[in-house]
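Printed here is model.txt (compact mmCIF, C-alpha atoms and all ligand atoms):
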```txt
# COMPACT_ATOMS: atom_id res chain seq x y z
CA MET A 830 -32.12 40.21 -142.61
CA ILE A 831 -30.70 37.24 -140.67
CA TRP A 832 -29.09 34.29 -142.49
CA LEU A 833 -29.56 31.05 -140.55
CA VAL A 834 -27.00 28.47 -141.71
CA GLY A 835 -27.71 24.79 -140.94
CA ASN A 836 -31.48 25.33 -140.65
CA LYS A 837 -32.35 21.62 -141.10
CA GLY A 838 -30.20 20.33 -138.23
CA MET A 839 -31.42 19.53 -134.71
CA LEU A 840 -30.55 22.98 -133.37
CA GLY A 841 -31.03 24.91 -136.62
CA SER A 842 -34.65 23.75 -137.03
CA GLU A 843 -35.42 25.03 -133.51
CA VAL A 844 -33.65 28.34 -134.20
CA SER A 845 -35.82 28.65 -137.28
CA LEU A 846 -38.95 28.37 -135.09
CA ALA A 847 -37.54 30.79 -132.51
CA LEU A 848 -36.82 33.42 -135.19
CA GLN A 849 -40.33 32.95 -136.61
CA ALA A 850 -41.74 33.49 -133.11
CA LEU A 851 -39.73 36.71 -132.80
CA GLY A 852 -41.16 37.89 -136.10
CA VAL A 853 -37.78 38.83 -137.59
CA GLU A 854 -36.96 38.51 -141.27
CA PHE A 855 -34.59 35.60 -141.95
CA ILE A 856 -33.53 33.15 -144.61
CA GLY A 857 -32.37 29.59 -143.87
CA THR A 858 -30.00 27.29 -145.76
CA ASP A 859 -28.44 23.90 -145.11
CA ARG A 860 -26.41 21.53 -147.34
CA GLU A 861 -27.59 23.30 -150.52
CA VAL A 862 -25.25 26.20 -149.69
CA ASP A 863 -22.00 24.44 -148.81
CA ILE A 864 -20.18 26.44 -146.13
CA THR A 865 -16.85 24.84 -147.07
CA ASP A 866 -17.06 26.57 -150.47
CA ALA A 867 -16.26 30.29 -149.97
CA ALA A 868 -17.40 31.20 -153.49
CA SER A 869 -20.82 29.55 -152.99
CA ILE A 870 -21.59 31.36 -149.77
CA ARG A 871 -20.48 34.68 -151.28
CA ALA A 872 -22.69 34.06 -154.32
CA PHE A 873 -25.63 33.21 -152.05
CA ALA A 874 -25.21 36.41 -150.01
CA ASP A 875 -24.95 38.52 -153.20
CA GLU A 876 -28.02 36.86 -154.71
CA THR A 877 -30.01 37.31 -151.49
CA ALA A 878 -29.11 41.00 -151.39
CA ARG A 879 -30.20 41.38 -155.04
CA ALA A 880 -33.44 39.43 -154.63
CA SER A 881 -34.63 40.98 -151.36
CA SER A 882 -35.03 44.55 -150.22
CA GLY A 883 -32.40 44.39 -147.48
CA THR A 884 -28.95 42.86 -147.12
CA ILE A 885 -27.91 40.26 -144.58
CA ASP A 886 -26.96 42.00 -141.33
CA TRP A 887 -26.57 38.85 -139.16
CA VAL A 888 -25.35 35.31 -139.77
CA ILE A 889 -26.12 32.47 -137.32
CA ASN A 890 -24.13 29.29 -137.93
CA CYS A 891 -25.73 26.05 -136.70
CA ALA A 892 -24.08 23.90 -139.41
CA ALA A 893 -21.42 21.49 -138.21
CA TYR A 894 -19.90 18.02 -138.48
CA THR A 895 -21.24 16.42 -135.27
CA ALA A 896 -20.43 12.69 -135.51
CA VAL A 897 -17.94 12.55 -132.62
CA ASP A 898 -16.64 8.98 -133.15
CA LYS A 899 -16.78 8.98 -136.95
CA ALA A 900 -14.71 12.18 -136.99
CA GLU A 901 -11.63 10.19 -135.88
CA ASP A 902 -11.59 8.42 -139.28
CA ASP A 903 -13.10 11.21 -141.36
CA ARG A 904 -10.74 13.99 -140.40
CA ASP A 905 -10.64 16.00 -143.63
CA ALA A 906 -14.42 16.37 -143.85
CA CYS A 907 -14.69 17.17 -140.15
CA ARG A 908 -12.03 19.90 -140.36
CA LEU A 909 -13.48 21.39 -143.53
CA ILE A 910 -16.96 21.71 -141.99
CA ASN A 911 -15.97 22.70 -138.44
CA VAL A 912 -13.02 25.00 -139.19
CA ASP A 913 -12.93 26.15 -142.81
CA GLY A 914 -16.73 26.52 -143.09
CA PRO A 915 -17.19 28.77 -140.01
CA GLU A 916 -14.09 30.73 -141.00
CA ASN A 917 -15.54 31.33 -144.49
CA LEU A 918 -18.85 32.49 -143.00
CA ALA A 919 -17.20 34.70 -140.37
CA ALA A 920 -14.92 36.32 -142.97
CA LEU A 921 -17.88 36.97 -145.28
CA ALA A 922 -19.95 38.42 -142.41
CA GLN A 923 -17.04 40.68 -141.47
CA ARG A 924 -16.69 41.90 -145.07
CA MET A 925 -20.45 42.56 -145.28
CA GLY A 926 -20.44 44.43 -141.95
CA ALA A 927 -22.80 41.76 -140.56
CA GLY A 928 -22.85 40.28 -137.05
CA PHE A 929 -21.89 36.63 -136.59
CA LEU A 930 -22.97 33.99 -134.06
CA HIS A 931 -21.40 30.53 -134.05
CA VAL A 932 -22.19 27.44 -131.95
CA SER A 933 -19.52 25.34 -130.25
CA THR A 934 -19.26 22.59 -127.65
CA ASP A 935 -18.27 21.51 -124.13
CA TYR A 936 -15.97 18.96 -125.84
CA VAL A 937 -13.35 21.72 -126.24
CA PHE A 938 -12.50 20.90 -122.58
CA ASP A 939 -10.67 17.78 -121.40
CA GLY A 940 -13.01 17.28 -118.43
CA TYR A 941 -10.40 17.13 -115.69
CA GLY A 942 -11.88 20.25 -114.05
CA THR A 943 -13.62 20.12 -110.69
CA ARG A 944 -15.88 23.17 -110.97
CA PRO A 945 -18.09 24.35 -113.84
CA TYR A 946 -16.03 25.51 -116.82
CA ARG A 947 -15.91 29.24 -117.43
CA GLU A 948 -15.55 30.76 -120.88
CA ASP A 949 -11.89 31.71 -120.39
CA ASP A 950 -10.75 28.38 -118.92
CA PRO A 951 -8.03 26.71 -121.02
CA THR A 952 -9.29 24.34 -123.71
CA ASN A 953 -7.76 20.92 -124.31
CA PRO A 954 -9.98 18.72 -126.52
CA THR A 955 -9.64 14.95 -126.19
CA GLY A 956 -10.89 13.99 -129.66
CA TYR A 957 -10.76 15.19 -133.24
CA TYR A 958 -14.31 16.61 -133.24
CA GLY A 959 -13.53 18.71 -130.13
CA LEU A 960 -10.22 19.79 -131.66
CA THR A 961 -11.89 21.04 -134.84
CA LYS A 962 -14.59 22.83 -132.83
CA ARG A 963 -11.87 24.55 -130.80
CA ASP A 964 -9.93 25.47 -133.96
CA GLY A 965 -13.20 26.66 -135.50
CA GLU A 966 -13.76 29.03 -132.56
CA MET A 967 -10.28 30.47 -133.01
CA ALA A 968 -10.70 30.83 -136.78
CA VAL A 969 -14.06 32.59 -136.30
CA LEU A 970 -12.70 35.09 -133.77
CA ALA A 971 -9.65 35.78 -135.96
CA ALA A 972 -11.85 36.45 -139.01
CA HIS A 973 -14.55 38.36 -137.10
CA PRO A 974 -13.33 39.79 -133.77
CA ASP A 975 -16.86 40.94 -132.83
CA ALA A 976 -18.36 37.46 -133.27
CA TYR A 977 -20.34 35.62 -130.59
CA ILE A 978 -19.60 31.98 -129.84
CA LEU A 979 -22.13 29.99 -127.81
CA ARG A 980 -20.77 26.73 -126.41
CA THR A 981 -23.39 24.19 -125.51
CA ALA A 982 -23.58 20.56 -124.34
CA TRP A 983 -25.53 17.28 -124.43
CA LEU A 984 -28.11 18.62 -126.88
CA TYR A 985 -31.43 16.91 -127.63
CA GLY A 986 -34.30 18.14 -129.78
CA LYS A 987 -37.21 17.19 -131.98
CA ASN A 988 -35.24 16.59 -135.19
CA GLY A 989 -32.46 14.07 -135.52
CA ASN A 990 -31.15 11.27 -133.37
CA ASN A 991 -30.34 12.11 -129.80
CA PHE A 992 -29.86 10.52 -126.39
CA VAL A 993 -33.48 10.96 -125.21
CA ARG A 994 -34.97 9.35 -128.32
CA THR A 995 -32.43 6.51 -128.22
CA MET A 996 -33.11 5.83 -124.53
CA ILE A 997 -36.88 5.72 -125.01
CA ARG A 998 -36.50 3.29 -127.92
CA LEU A 999 -34.13 1.04 -125.94
CA MET A 1000 -36.31 1.17 -122.80
CA ASN A 1001 -39.24 -0.07 -124.86
CA GLU A 1002 -37.18 -2.86 -126.46
CA ARG A 1003 -35.10 -4.19 -123.54
CA ASP A 1004 -35.56 -5.14 -119.93
CA LEU A 1005 -32.10 -3.80 -118.99
CA VAL A 1006 -30.31 -0.65 -120.13
CA ARG A 1007 -26.84 0.19 -118.82
CA VAL A 1008 -25.68 3.79 -118.99
CA VAL A 1009 -22.34 5.41 -118.10
CA ASP A 1010 -22.29 7.07 -114.70
CA ASP A 1011 -18.79 8.57 -114.77
CA GLN A 1012 -19.37 11.49 -117.18
CA ARG A 1013 -21.06 14.58 -115.73
CA GLY A 1014 -22.54 17.36 -117.79
CA ASN A 1015 -25.57 19.48 -118.65
CA PRO A 1016 -28.46 18.04 -120.69
CA THR A 1017 -29.71 20.86 -122.93
CA TRP A 1018 -33.00 21.11 -124.84
CA ALA A 1019 -32.33 22.57 -128.29
CA ARG A 1020 -35.53 24.64 -127.85
CA ASP A 1021 -34.01 26.51 -124.88
CA LEU A 1022 -30.75 27.17 -126.70
CA ALA A 1023 -32.63 28.30 -129.82
CA ARG A 1024 -34.62 30.82 -127.77
CA ALA A 1025 -31.40 32.07 -126.21
CA ILE A 1026 -29.79 32.43 -129.65
CA ALA A 1027 -32.79 34.36 -130.97
CA ASP A 1028 -32.79 36.64 -127.90
CA PHE A 1029 -29.05 37.06 -128.15
CA VAL A 1030 -29.21 38.18 -131.77
CA ARG A 1031 -32.17 40.44 -131.01
CA LEU A 1032 -30.20 42.14 -128.23
CA ALA A 1033 -27.02 42.28 -130.29
CA ARG A 1034 -28.87 43.95 -133.18
CA GLU A 1035 -29.94 46.69 -130.81
CA ASP A 1036 -27.64 49.66 -130.38
CA ARG A 1037 -27.97 49.89 -126.63
CA PRO A 1038 -24.97 48.37 -124.79
CA ALA A 1039 -25.67 46.04 -121.86
CA PRO A 1040 -25.61 47.51 -118.36
CA SER A 1041 -22.19 46.41 -117.13
CA GLY A 1042 -21.28 44.73 -113.86
CA ARG A 1043 -24.91 44.09 -112.96
CA PHE A 1044 -25.68 40.94 -110.98
CA VAL A 1045 -28.88 39.16 -112.03
CA PRO A 1046 -30.54 37.34 -109.12
CA ALA A 1047 -31.94 33.88 -109.94
CA GLY A 1048 -35.48 34.12 -111.31
CA ARG A 1049 -35.26 37.88 -111.82
CA SER A 1050 -35.37 39.48 -115.22
CA VAL A 1051 -33.68 42.80 -116.02
CA PRO A 1052 -33.72 44.59 -119.35
CA ALA A 1053 -30.51 43.54 -121.06
CA GLY A 1054 -28.71 45.41 -123.86
CA ARG A 1055 -26.16 44.42 -126.53
CA PRO A 1056 -23.91 41.76 -124.98
CA PRO A 1057 -20.13 42.17 -125.33
CA ALA A 1058 -18.61 40.07 -128.15
CA GLY A 1059 -16.86 36.79 -127.32
CA VAL A 1060 -17.52 33.31 -125.95
CA TYR A 1061 -20.60 32.36 -123.87
CA HIS A 1062 -21.75 29.10 -122.28
CA PHE A 1063 -25.38 28.01 -122.61
CA ALA A 1064 -26.64 24.66 -121.28
CA GLY A 1065 -29.38 23.32 -119.01
CA ALA A 1066 -29.05 24.46 -115.38
CA GLY A 1067 -28.04 21.82 -112.84
CA GLU A 1068 -25.90 18.81 -113.69
CA THR A 1069 -26.08 15.05 -113.88
CA THR A 1070 -24.42 11.99 -115.40
CA TRP A 1071 -25.66 10.15 -118.49
CA PHE A 1072 -27.04 7.52 -116.08
CA GLY A 1073 -28.82 10.20 -114.01
CA PHE A 1074 -30.22 11.64 -117.23
CA ALA A 1075 -31.41 8.19 -118.39
CA ARG A 1076 -33.08 7.46 -115.04
CA GLU A 1077 -35.06 10.72 -115.30
CA ILE A 1078 -35.96 9.95 -118.91
CA TYR A 1079 -37.35 6.60 -117.79
CA ARG A 1080 -39.32 8.06 -114.86
CA LEU A 1081 -40.77 10.97 -116.84
CA ALA A 1082 -41.36 9.00 -120.05
CA TRP A 1083 -43.14 6.25 -118.08
CA ALA A 1084 -45.42 8.85 -116.44
CA ARG A 1085 -46.40 10.05 -119.93
CA GLY A 1086 -46.96 6.61 -121.42
CA LEU A 1087 -43.96 6.94 -123.74
CA VAL A 1088 -42.39 3.85 -122.16
CA SER A 1089 -44.79 1.03 -121.45
CA THR A 1090 -42.60 -1.91 -120.41
CA ASP A 1091 -40.52 -2.55 -117.28
CA CYS A 1092 -36.88 -1.68 -117.84
CA ASP A 1093 -34.06 -1.79 -115.32
CA VAL A 1094 -31.80 1.26 -115.81
CA GLN A 1095 -28.38 0.46 -114.36
CA PRO A 1096 -25.14 2.50 -114.06
CA CYS A 1097 -21.89 1.39 -115.71
CA THR A 1098 -18.46 2.89 -116.31
CA SER A 1099 -17.03 4.37 -119.51
CA ALA A 1100 -14.48 1.54 -119.50
CA GLU A 1101 -17.35 -0.93 -119.92
CA TYR A 1102 -18.59 1.05 -122.91
CA PRO A 1103 -15.54 1.40 -125.18
CA SER A 1104 -15.63 4.09 -127.87
CA LYS A 1105 -13.11 5.64 -130.23
CA VAL A 1106 -13.00 8.92 -128.31
CA ARG A 1107 -12.48 9.48 -124.59
CA ARG A 1108 -15.31 11.84 -123.57
CA PRO A 1109 -14.64 14.49 -120.89
CA PRO A 1110 -15.53 12.99 -117.48
CA TYR A 1111 -16.68 16.42 -116.27
CA SER A 1112 -17.95 18.99 -118.76
CA VAL A 1113 -20.36 21.08 -116.68
CA LEU A 1114 -20.49 24.63 -118.05
CA ASP A 1115 -20.70 27.80 -115.93
CA LYS A 1116 -23.68 29.76 -117.23
CA SER A 1117 -23.29 33.01 -115.24
CA LYS A 1118 -22.01 35.08 -118.16
CA ILE A 1119 -24.99 34.32 -120.41
CA THR A 1120 -27.42 34.68 -117.50
CA GLN A 1121 -26.12 38.21 -117.11
CA ALA A 1122 -26.19 38.90 -120.87
CA LEU A 1123 -29.78 37.68 -121.33
CA GLY A 1124 -31.06 39.09 -118.06
CA ARG A 1125 -32.68 35.77 -117.12
CA PRO A 1126 -31.55 32.41 -115.73
CA VAL A 1127 -31.11 29.40 -118.02
CA PRO A 1128 -33.88 26.75 -117.67
CA GLU A 1129 -33.33 23.81 -115.31
CA TRP A 1130 -32.52 20.60 -117.23
CA ARG A 1131 -35.28 18.46 -115.61
CA GLU A 1132 -37.99 21.01 -116.36
CA SER A 1133 -36.82 21.22 -119.97
CA LEU A 1134 -36.85 17.44 -120.26
CA GLU A 1135 -40.47 17.45 -119.02
CA GLY A 1136 -41.37 20.05 -121.66
CA TYR A 1137 -39.70 17.98 -124.38
CA LEU A 1138 -41.46 14.77 -123.30
CA ASP A 1139 -44.83 16.56 -123.02
CA GLU A 1140 -44.41 17.62 -126.63
CA MET A 1141 -43.38 14.10 -127.67
CA ARG A 1142 -46.51 12.67 -125.99
CA ASN A 1143 -48.74 15.30 -127.62
CA ASP A 1144 -47.22 14.56 -131.04
CA ALA A 1145 -47.85 10.84 -130.50
CA THR A 1146 -51.57 11.27 -129.70
N1 LIG A 1201 -25.63 17.49 -130.71
C1 LIG A 1201 -24.99 17.74 -129.58
O1 LIG A 1201 -25.10 16.99 -128.59
C2 LIG A 1201 -24.12 18.96 -129.46
C3 LIG A 1201 -23.46 19.18 -128.24
C4 LIG A 1201 -22.67 20.32 -128.10
C5 LIG A 1201 -22.55 21.21 -129.17
N2 LIG A 1201 -23.17 20.96 -130.34
C6 LIG A 1201 -23.02 21.93 -131.44
O2 LIG A 1201 -24.30 22.45 -131.73
C7 LIG A 1201 -24.37 22.80 -133.11
C8 LIG A 1201 -25.63 22.20 -133.73
O3 LIG A 1201 -25.53 20.78 -133.62
P1 LIG A 1201 -26.70 19.82 -134.10
O4 LIG A 1201 -26.72 18.68 -133.17
O5 LIG A 1201 -27.93 20.62 -134.37
O6 LIG A 1201 -26.09 19.30 -135.48
P2 LIG A 1201 -26.82 18.56 -136.70
O7 LIG A 1201 -28.18 18.10 -136.32
O8 LIG A 1201 -25.83 17.58 -137.22
O9 LIG A 1201 -27.03 19.75 -137.75
C9 LIG A 1201 -25.96 20.28 -138.50
C10 LIG A 1201 -26.50 20.65 -139.87
O10 LIG A 1201 -25.42 21.20 -140.64
C11 LIG A 1201 -25.51 20.62 -141.94
N3 LIG A 1201 -24.21 20.68 -142.61
C12 LIG A 1201 -23.18 19.83 -142.47
N4 LIG A 1201 -22.18 20.15 -143.32
C13 LIG A 1201 -22.59 21.25 -144.01
C14 LIG A 1201 -22.01 22.04 -145.04
N5 LIG A 1201 -20.80 21.78 -145.54
N6 LIG A 1201 -22.71 23.11 -145.51
C15 LIG A 1201 -23.94 23.38 -145.03
N7 LIG A 1201 -24.56 22.65 -144.06
C16 LIG A 1201 -23.89 21.60 -143.56
C17 LIG A 1201 -25.93 19.19 -141.65
O11 LIG A 1201 -26.36 18.52 -142.81
P3 LIG A 1201 -26.20 16.90 -142.86
O12 LIG A 1201 -27.16 16.37 -141.84
O13 LIG A 1201 -26.54 16.57 -144.26
O14 LIG A 1201 -24.78 16.59 -142.48
C18 LIG A 1201 -27.04 19.43 -140.63
O15 LIG A 1201 -28.27 19.74 -141.25
C19 LIG A 1201 -23.05 22.34 -133.73
O16 LIG A 1201 -22.17 23.43 -133.80
C20 LIG A 1201 -22.52 21.32 -132.72
O17 LIG A 1201 -21.13 21.23 -132.77
C21 LIG A 1201 -23.98 19.86 -130.51
```
Could you express the structure from this file as structure tokens?
Amino acid sequence: MIWLVGNKGMLGSEVSLALQALGVEFIGTDREVDITDAASIRAFADETARASSGTIDWVINCAAYTAVDKAEDDRDACRLINVDGPENLAALAQRMGAGFLHVSTDYVFDGYGTRPYREDDPTNPTGYYGLTKRDGEMAVLAAHPDAYILRTAWLYGKNGNNFVRTMIRLMNERDLVRVVDDQRGNPTWARDLARAIADFVRLAREDRPAPSGRFVPAGRSVPAGRPPAGVYHFAGAGETTWFGFAREIYRLAWARGLVSTDCDVQPCTSAEYPSKVRRPPYSVLDKSKITQALGRPVPEWRESLEGYLDEMRNDAT
């Protein structure tokens, strides 16, 4: 059985749906099983094993402290949830002989790179959230050397506040919206990442190792096997700035009747939009390793945005 931790969050709720679609047996928890309390998670795993026919053979961790600015003033909580919590889960999974998949972020990089970041590029977080996510990755791999870590970026989904929802609200309220145009990255639909996580765990639970050194041409699908342990990057294909993302949101949301008033979407600089944390100016992730592991390309960010907005329109009618 799979244990999905953080099942009520933006990503976790989508992973829940993806696991249901796969038809695998899983159990989900969120705040009610506090990952910062090692005794609680051990008790939960023991109780689950007693109550159900099978034990937990995989743990997926989508729980995290994700308030990037607030983290600067709330350091103890952020570190407990992003470092101690994943370490507790990874250590428990290792002791149980279970697999472990953890989710991390593009904010482990400083953003001074000039080409998409690869998994083994040096990390250098610029804020406390990124620092704890980086330390969390290290703690997970130390506790469970066969763990998988999926770094992602600029996530939006159905549950929770996110950039797309905020933009649509502002575009309906204001006649001018200014958005930073000096940070480049990869918008990522939580649905796409959730499907990748479900596929990843499905492949990793199989015994067959992946065919090594095999190049996967774009658009082609090859049967993949168990991916090697370690860090992977998953995010929407292509790249843009927050301004470029906002402009597409406006165009596509307008076409679907989700925005119904004229709004001028204008670029601005990060300096004009002061925040507690300096975000990486360039955090585009290289997705070739996960493309190879899954045997299929990652979805293009604009197409995913269309899918998300189609669903939003259908939910509204
Ligand atoms: N959102 C992004 O743009 C983004 C970008 C890159 C990477 N990521 C990574 O993606 C992953 C998923 O992010 P998300 O946006 O889905 O986060 P989210 O919506 O904040 O979900 C996280 C969930 O974990 C729960 N949680 C927090 N502390 C916990 C604890 N001590 N024990 C058990 N559960 C706890 C939260 O509950 P509460 O709501 O009650 O706190 C929430 O339900 C995270 O690892 C994040 O770092 C996110």
Open item on the list: When you count all atoms listed in the file, which of these residues is closest to A:Asp1028: A:Gly1059, A:Leu930, A:Ser1117, A:Asp1010?
Closed with: A:Leu930
TODO: For ligand LIG 1201 (chain A), list the contacting residues at 7 Å or closer, counting all atoms listed in the file, as a ChimeraX atom specification.
DONE: /A:834-841,859-865,891-895,910,914,932-935,962,980-985,989
- [ ] Just give me the gap between atom CA of A:Phe1063 and atom CA of A:Lys987 in Å, one decimal is fine.
- [x]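 Atom-to-atom, atom CA of A:Phe1063 and atom CA of A:Lys987 are spaced 18.6 Å apart.
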Open item on the list: Need to verify the contact set: A:Gly986, 9 Å, only C-alpha atoms, exclusion of same-chain residues closer than 3 positions in sequence. Can you return it as number ranges by chain?
Closed with: A: 839-840, 843, 989-991, 993-994, 1017-1020, 1137
Task: Residue neighbourhood A:Gly852, 12 Å, all atoms listed in the file, exclusion window fewer than 6 positions, as a list in words - done: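 Once the adjacent positions are removed, what remains is Met830, Ile831, Ser845, Leu846, Ala1027, Asp1028 and Arg1031 of chain A.
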Task: Sphere at (-16.6, 23.3, -112.9), radius 9 Å, counting all atoms listed in the file: residues as a list in words - done: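 Residues lying no farther than 9 Å from the given point: Gly940, Gly942, Thr943, Arg944, Pro945, Tyr946, Arg947, Tyr1111, Ser1112, Val1113, Leu1114 and Asp1115 of chain A.
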- [ ] Take atom CA of A:Ala878 and atom CA of A:Glu1035 and report the distance between them in Å, one decimal.
- [x]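 We find that atom CA of A:Ala878 and atom CA of A:Glu1035 lie 21.4 Å from each other.
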Task: Atomic separation - atom CA of A:Leu1138 relative to atom CA of A:Arg1076, Å - done: 13.9 Å
TODO: Name the residues in contact with A:Val969 at a cut-off of 8 Å, using only C-alpha atoms, excluding same-chain residues fewer than 3 positions from it; report them as a PyMOL selection string.
DONE: chain A and resi 915-916+919-920+931+965-966+972-974+976
TODO: Measuring atom to atom with only C-alpha atoms, identify which of A:Arg924, A:Arg879, A:Arg1024, A:Arg1131 is nearest to A:Ile1078.
DONE: A:Arg1131
Open item on the list: Between A:Ile997, A:Val1106, A:Gln849, A:Arg1085, which residue has the minimum interatomic distance to A:Ala896, considering all atoms listed in the file?
Closed with: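 With all atoms listed in the file as the atom set, the closest residue is A:Val1106.
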Open item on the list: Show me the residues around (-34.1, 31.5, -147.2) - criterion: an atom at most 9 Å away, only C-alpha atoms counted - as a ChimeraX atom specification.
Closed with: /A:832-833,855-858,877
Would you fill out stretch 864-883 of chain A with N, CA and C atoms and return it as a CSV table (one decimal), in the frame of the given file?
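That gives us out-v1.csv:
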```csv
chain,number,residue,atom,x,y,z
A,864,ILE,N,-21.0,25.4,-146.8
A,864,ILE,CA,-20.2,26.4,-146.1
A,864,ILE,C,-18.7,26.2,-146.3
A,865,THR,N,-18.3,25.1,-146.8
A,865,THR,CA,-16.8,24.8,-147.1
A,865,THR,C,-16.4,25.5,-148.4
A,866,ASP,N,-17.4,26.0,-149.2
A,866,ASP,CA,-17.1,26.6,-150.5
A,866,ASP,C,-17.3,28.1,-150.4
A,867,ALA,N,-16.2,28.8,-150.2
A,867,ALA,CA,-16.3,30.3,-150.0
A,867,ALA,C,-17.0,31.0,-151.1
A,868,ALA,N,-16.8,30.5,-152.3
A,868,ALA,CA,-17.4,31.2,-153.5
A,868,ALA,C,-18.9,31.0,-153.4
A,869,SER,N,-19.4,29.8,-153.1
A,869,SER,CA,-20.8,29.6,-153.0
A,869,SER,C,-21.5,30.4,-152.0
A,870,ILE,N,-20.9,30.6,-150.8
A,870,ILE,CA,-21.6,31.4,-149.8
A,870,ILE,C,-21.6,32.8,-150.2
A,871,ARG,N,-20.5,33.3,-150.8
A,871,ARG,CA,-20.5,34.7,-151.3
A,871,ARG,C,-21.6,34.9,-152.3
A,872,ALA,N,-21.7,33.9,-153.3
A,872,ALA,CA,-22.7,34.1,-154.3
A,872,ALA,C,-24.1,34.1,-153.7
A,873,PHE,N,-24.3,33.2,-152.7
A,873,PHE,CA,-25.6,33.2,-152.0
A,873,PHE,C,-26.0,34.6,-151.4
A,874,ALA,N,-25.0,35.1,-150.7
A,874,ALA,CA,-25.2,36.4,-150.0
A,874,ALA,C,-25.5,37.5,-151.0
A,875,ASP,N,-24.7,37.5,-152.2
A,875,ASP,CA,-25.0,38.5,-153.2
A,875,ASP,C,-26.3,38.4,-153.8
A,876,GLU,N,-26.7,37.1,-154.1
A,876,GLU,CA,-28.0,36.9,-154.7
A,876,GLU,C,-29.1,37.2,-153.8
A,877,THR,N,-29.0,37.0,-152.5
A,877,THR,CA,-30.0,37.3,-151.5
A,877,THR,C,-30.2,38.8,-151.4
A,878,ALA,N,-29.0,39.5,-151.4
A,878,ALA,CA,-29.1,41.0,-151.4
A,878,ALA,C,-29.8,41.5,-152.6
A,879,ARG,N,-29.6,40.9,-153.8
A,879,ARG,CA,-30.2,41.4,-155.0
A,879,ARG,C,-31.7,41.1,-155.0
A,880,ALA,N,-32.0,39.9,-154.5
A,880,ALA,CA,-33.4,39.4,-154.6
A,880,ALA,C,-34.3,40.1,-153.6
A,881,SER,N,-33.8,40.5,-152.4
A,881,SER,CA,-34.6,41.0,-151.4
A,881,SER,C,-34.3,42.5,-151.2
A,882,SER,N,-35.2,43.1,-150.4
A,882,SER,CA,-35.0,44.6,-150.2
A,882,SER,C,-33.8,44.9,-149.3
A,883,GLY,N,-33.5,44.0,-148.4
A,883,GLY,CA,-32.4,44.4,-147.5
A,883,GLY,C,-31.3,43.4,-147.6
```
